[in-house]
file final.txt (compact mmCIF, C-alpha atoms)
# COMPACT_ATOMS: atom_id res chain seq x y z
CA MET A 25 6.48 44.67 -13.57
CA ILE A 26 6.23 40.86 -13.26
CA ASP A 27 7.89 39.26 -16.29
CA ILE A 28 9.94 36.13 -17.06
CA GLY A 29 13.28 36.21 -15.24
CA ARG A 30 12.17 38.64 -12.50
CA VAL A 31 13.65 37.74 -9.10
CA CYS A 32 11.02 37.88 -6.34
CA VAL A 33 10.56 37.09 -2.67
CA LYS A 34 7.62 34.91 -1.66
CA ILE A 35 5.56 36.71 1.03
CA ALA A 36 2.81 34.17 1.70
CA GLY A 37 2.52 30.43 2.19
CA ARG A 38 4.96 27.87 3.45
CA ASP A 39 7.77 29.20 1.22
CA ALA A 40 7.39 32.75 2.62
CA GLY A 41 10.65 34.70 2.78
CA LYS A 42 12.38 32.60 0.13
CA THR A 43 13.81 33.91 -3.14
CA CYS A 44 12.32 32.76 -6.43
CA VAL A 45 12.35 33.56 -10.15
CA VAL A 46 9.36 33.87 -12.48
CA VAL A 47 9.74 31.10 -15.06
CA ASP A 48 6.42 31.42 -16.92
CA LEU A 49 3.35 33.67 -17.00
CA LEU A 50 0.25 31.47 -16.75
CA ASP A 51 -2.48 34.15 -16.72
CA ASN A 52 -3.11 37.62 -15.27
CA SER A 53 -2.83 36.53 -11.65
CA LYS A 54 -0.77 33.29 -11.72
CA VAL A 55 2.90 32.65 -12.55
CA LEU A 56 5.21 29.63 -12.45
CA ILE A 57 8.10 30.15 -10.03
CA ASP A 58 11.31 28.27 -9.25
CA GLY A 59 14.49 28.85 -7.25
CA ASP A 60 14.90 28.61 -3.48
CA THR A 61 11.20 27.64 -3.35
CA ARG A 62 9.45 24.63 -4.76
CA ARG A 63 8.73 24.84 -8.49
CA ARG A 64 5.02 25.64 -8.61
CA LYS A 65 2.25 28.01 -9.55
CA SER A 66 1.96 31.09 -7.41
CA ASN A 67 -0.40 34.01 -7.15
CA VAL A 68 1.20 37.33 -8.16
CA LYS A 69 -0.16 38.90 -4.96
CA HIS A 70 2.03 36.47 -2.96
CA LEU A 71 5.24 37.73 -4.60
CA GLU A 72 7.31 40.83 -3.87
CA PRO A 73 9.36 41.66 -7.01
CA LEU A 74 12.98 42.74 -6.54
CA GLU A 75 14.95 45.06 -8.83
CA SER A 76 17.15 42.31 -10.29
CA THR A 77 16.32 40.07 -13.22
CA ILE A 78 18.09 37.10 -14.76
CA LYS A 79 18.21 35.97 -18.38
CA ILE A 80 16.24 32.73 -18.74
CA LYS A 81 13.90 31.39 -21.39
CA LYS A 82 10.20 30.78 -20.86
CA GLY A 83 9.74 27.42 -19.09
CA ALA A 84 13.46 27.07 -18.18
CA THR A 85 14.53 23.98 -16.25
CA HIS A 86 15.51 24.02 -12.59
CA ALA A 87 19.17 23.53 -13.54
CA ASP A 88 19.13 26.64 -15.78
CA VAL A 89 17.47 28.70 -13.03
CA ALA A 90 19.95 27.47 -10.39
CA LYS A 91 22.92 28.35 -12.62
CA GLU A 92 21.68 31.91 -13.24
CA LEU A 93 20.82 32.45 -9.55
CA LYS A 94 24.37 31.46 -8.55
CA LYS A 95 25.71 34.20 -10.81
CA ILE A 96 23.86 36.86 -8.80
CA GLY A 97 24.75 35.18 -5.47
CA VAL A 98 21.45 33.52 -4.53
CA GLU A 99 21.33 29.89 -3.36
CA SER A 100 18.70 27.73 -4.99
CA ARG A 101 16.95 24.69 -3.63
CA GLU A 102 18.57 21.34 -4.42
CA THR A 103 16.13 18.90 -5.92
CA LYS A 104 16.88 15.25 -5.47
CA SER A 105 15.17 12.64 -7.56
CA LYS A 106 14.01 9.65 -5.58
CA LYS A 107 15.71 6.38 -6.29
CA SER A 108 13.22 3.66 -6.96
CA ALA A 109 13.72 0.75 -4.61
CA GLU A 110 13.07 -2.79 -5.76
CA LYS A 111 9.74 -4.09 -4.66
CA PRO A 112 9.78 -7.45 -2.92
CA LYS A 113 8.75 -10.20 -5.30
CA LYS A 114 6.00 -12.56 -4.33
CA GLN A 115 6.86 -16.23 -4.44
CA ARG A 116 4.09 -18.19 -6.01
CA GLY A 117 3.50 -21.81 -6.71
CA LYS A 118 5.16 -24.88 -5.24
CA LYS A 119 7.68 -23.14 -3.01
CA LYS A 120 5.07 -21.46 -0.84
CA THR A 121 2.75 -24.45 -0.59
CA ALA A 122 5.64 -26.72 0.35
CA GLU A 123 6.66 -24.34 3.15
CA LYS A 124 3.12 -24.14 4.48
CA ALA A 125 2.70 -27.92 4.49
CA GLU A 126 5.90 -28.34 6.50
CA ASP A 127 4.78 -25.75 9.03
CA LYS A 128 1.35 -27.23 9.66
CA GLU A 129 1.55 -31.01 10.08
CA PRO A 130 3.27 -34.06 8.66
CA GLU A 131 1.75 -35.54 5.53
CA LYS A 132 -1.53 -37.47 5.86
CA LYS A 133 -2.66 -40.31 3.63
CA GLN A 134 -5.07 -39.37 0.89
CA VAL A 135 -8.59 -40.80 1.27
CA LYS A 136 -10.98 -41.02 -1.66
CA LYS A 137 -14.30 -39.21 -1.45
CA GLY A 138 -16.56 -42.25 -1.11
CA GLU A 139 -14.37 -44.04 1.41
CA LYS A 140 -14.15 -43.36 5.11
CA LYS A 141 -10.96 -43.26 7.10
CA PRO A 142 -9.83 -46.59 8.55
CA GLU A 143 -10.18 -45.23 12.10
CA ALA A 144 -13.79 -44.22 11.42
CA LYS A 145 -14.63 -47.72 10.10
CA GLN A 146 -13.39 -49.33 13.30
CA GLU A 147 -15.39 -46.91 15.45
CA GLU A 148 -18.57 -47.60 13.46
CA LYS A 149 -18.15 -51.35 13.88
CA ALA A 150 -17.70 -50.97 17.63
CA GLU A 151 -20.76 -48.71 17.89
CA GLY A 152 -22.82 -51.10 15.78
CA LYS A 153 -22.05 -53.99 18.16
CA LYS A 154 -22.99 -51.90 21.19
CA ASP A 155 -26.29 -50.83 19.59
CA ALA A 156 -27.17 -54.42 18.74
CA LYS A 157 -26.49 -55.57 22.32
CA SER A 158 -28.52 -52.75 23.83
CA ASP A 159 -31.47 -53.47 21.51
CA SER A 160 -31.50 -57.13 22.49
CA ASN A 161 -31.27 -56.25 26.19
CA GLU A 162 -34.26 -53.92 25.88
CA LYS A 163 -36.37 -56.63 24.23
CA LYS A 164 -35.55 -59.10 27.00
CA ALA A 165 -36.49 -56.55 29.63
CA GLU A 166 -39.89 -55.99 27.96
CA LYS A 167 -40.65 -59.70 27.94
CA LYS A 168 -39.86 -60.11 31.62
CA THR A 169 -42.08 -57.28 32.86
CA PRO A 170 -45.72 -58.14 32.52
CA SER A 171 -47.86 -55.43 31.06
CA LYS A 172 -50.73 -54.20 33.13
CA LYS A 173 -54.11 -54.57 31.59
CA SER A 174 -56.95 -52.54 32.94
call {"tool": "encode", "arguments": {"input": "final.txt", "output": "structure tokens"}}
result
Amino acid sequence: MIDIGRVCVKIAGRDAGKTCVVVDLLDNSKVLIDGDTRRRKSNVKHLEPLESTIKIKKGATHADVAKELKKIGVESRETKSKKSAEKPKKQRGKKKTAEKAEDKEPEKKQVKKGEKKPEAKQEEKAEGKKDAKSDSNEKKAEKKTPSKKS
């Protein structure tokens, strides 16, 4: 009863109640359907065959099925191919790094690895002078206070 070109109504699943056509016999219990439903495999138990048939070849395209269904007065599902949108291109290299540098801070002078920054040198000198003064003051304080001998 189920053969290629048989018009059926889907009775189960999300396409239930829609008209379809058997396009290919896959095995004893599965067929390929197309029409008002999505083009897909379907279990024969989920189809209710109608009396009408259409003349299509095994594995016919959706356009062929739609044309034949219009002849018998059945609307078929319009399939729209998706248009591929252009993916945004990543900008690499100098452009990105230049933008990031502008966003963060103004340019700083380059300092070699072995050298310290000029600000740090001045701070070290100032700290060195303070340490020297405090060491000498401690020595003077020790000399002035007599040590207790027991």
call {"tool": "residues_around", "arguments": {"input": "final.txt", "residues": "stretch 45-54 of chain A", "least_positions_apart": "4", "cutoff": "6 Å", "atoms": "only C-alpha atoms", "output": "PyMOL selection string"}}
result
chain A and resi 28-32+58-59+66-68+82-83
call {"tool": "atom_distance", "arguments": {"input": "final.txt", "atom1": "atom CA of A:Ile80", "atom2": "atom CA of A:Lys95"}}
result
12.4 Å
call {"tool": "closest_residue", "arguments": {"input": "final.txt", "among": "A:Arg62, A:Ile26, A:Pro73, A:Cys44", "to": "A:Glu92", "atoms": "all atoms listed in the file"}}
result
A:Cys44
call {"tool": "closest_residue", "arguments": {"input": "final.txt", "among": "A:His70, A:Lys79, A:Arg63, A:Lys42", "to": "A:Ile96", "atoms": "only C-alpha atoms"}}
result
A:Lys79
call {"tool": "build_atoms", "arguments": {"input": "final.txt", "residues": "stretch 63-83 of chain A", "atoms": "N, CA and C atoms", "output": "compact mmCIF listing (two decimals), keeping the file's coordinate frame"}}
result
# COMPACT_ATOMS: atom_id res chain seq x y z
N ARG A 63 9.19 24.42 -7.16
CA ARG A 63 8.73 24.84 -8.49
C ARG A 63 7.23 24.61 -8.54
N ARG A 64 6.48 25.75 -8.64
CA ARG A 64 5.02 25.64 -8.61
C ARG A 64 4.35 26.91 -9.06
N LYS A 65 3.03 26.81 -9.22
CA LYS A 65 2.25 28.01 -9.55
C LYS A 65 2.13 28.88 -8.31
N SER A 66 2.11 30.17 -8.53
CA SER A 66 1.96 31.09 -7.41
C SER A 66 1.12 32.28 -7.84
N ASN A 67 0.37 32.81 -6.91
CA ASN A 67 -0.40 34.01 -7.15
C ASN A 67 0.56 35.20 -7.15
N VAL A 68 0.34 36.14 -8.06
CA VAL A 68 1.20 37.33 -8.16
C VAL A 68 1.14 38.16 -6.88
N LYS A 69 0.00 38.14 -6.21
CA LYS A 69 -0.16 38.90 -4.96
C LYS A 69 0.72 38.35 -3.84
N HIS A 70 1.19 37.09 -3.99
CA HIS A 70 2.03 36.47 -2.96
C HIS A 70 3.52 36.69 -3.23
N LEU A 71 3.84 37.48 -4.25
CA LEU A 71 5.24 37.73 -4.60
C LEU A 71 5.58 39.20 -4.44
N GLU A 72 6.79 39.46 -3.96
CA GLU A 72 7.31 40.83 -3.87
C GLU A 72 8.48 40.92 -4.86
N PRO A 73 8.28 41.61 -6.01
CA PRO A 73 9.36 41.66 -7.01
C PRO A 73 10.55 42.48 -6.52
N LEU A 74 11.74 42.02 -6.85
CA LEU A 74 12.98 42.74 -6.54
C LEU A 74 13.45 43.46 -7.81
N GLU A 75 14.47 44.30 -7.69
CA GLU A 75 14.95 45.06 -8.83
C GLU A 75 15.70 44.20 -9.84
N SER A 76 16.30 43.11 -9.39
CA SER A 76 17.15 42.31 -10.29
C SER A 76 16.33 41.35 -11.16
N THR A 77 16.88 41.07 -12.32
CA THR A 77 16.32 40.07 -13.22
C THR A 77 17.45 39.19 -13.72
N ILE A 78 17.09 37.99 -14.16
CA ILE A 78 18.09 37.10 -14.76
C ILE A 78 17.62 36.72 -16.16
N LYS A 79 18.55 36.33 -17.01
CA LYS A 79 18.21 35.97 -18.38
C LYS A 79 17.93 34.47 -18.46
N ILE A 80 16.66 34.12 -18.54
CA ILE A 80 16.24 32.73 -18.74
C ILE A 80 15.14 32.71 -19.79
N LYS A 81 14.96 31.57 -20.40
CA LYS A 81 13.90 31.39 -21.39
C LYS A 81 12.61 31.02 -20.69
N LYS A 82 11.50 31.16 -21.39
CA LYS A 82 10.20 30.78 -20.86
C LYS A 82 10.19 29.27 -20.63
N GLY A 83 9.79 28.84 -19.42
CA GLY A 83 9.74 27.42 -19.09
C GLY A 83 11.11 26.80 -18.85
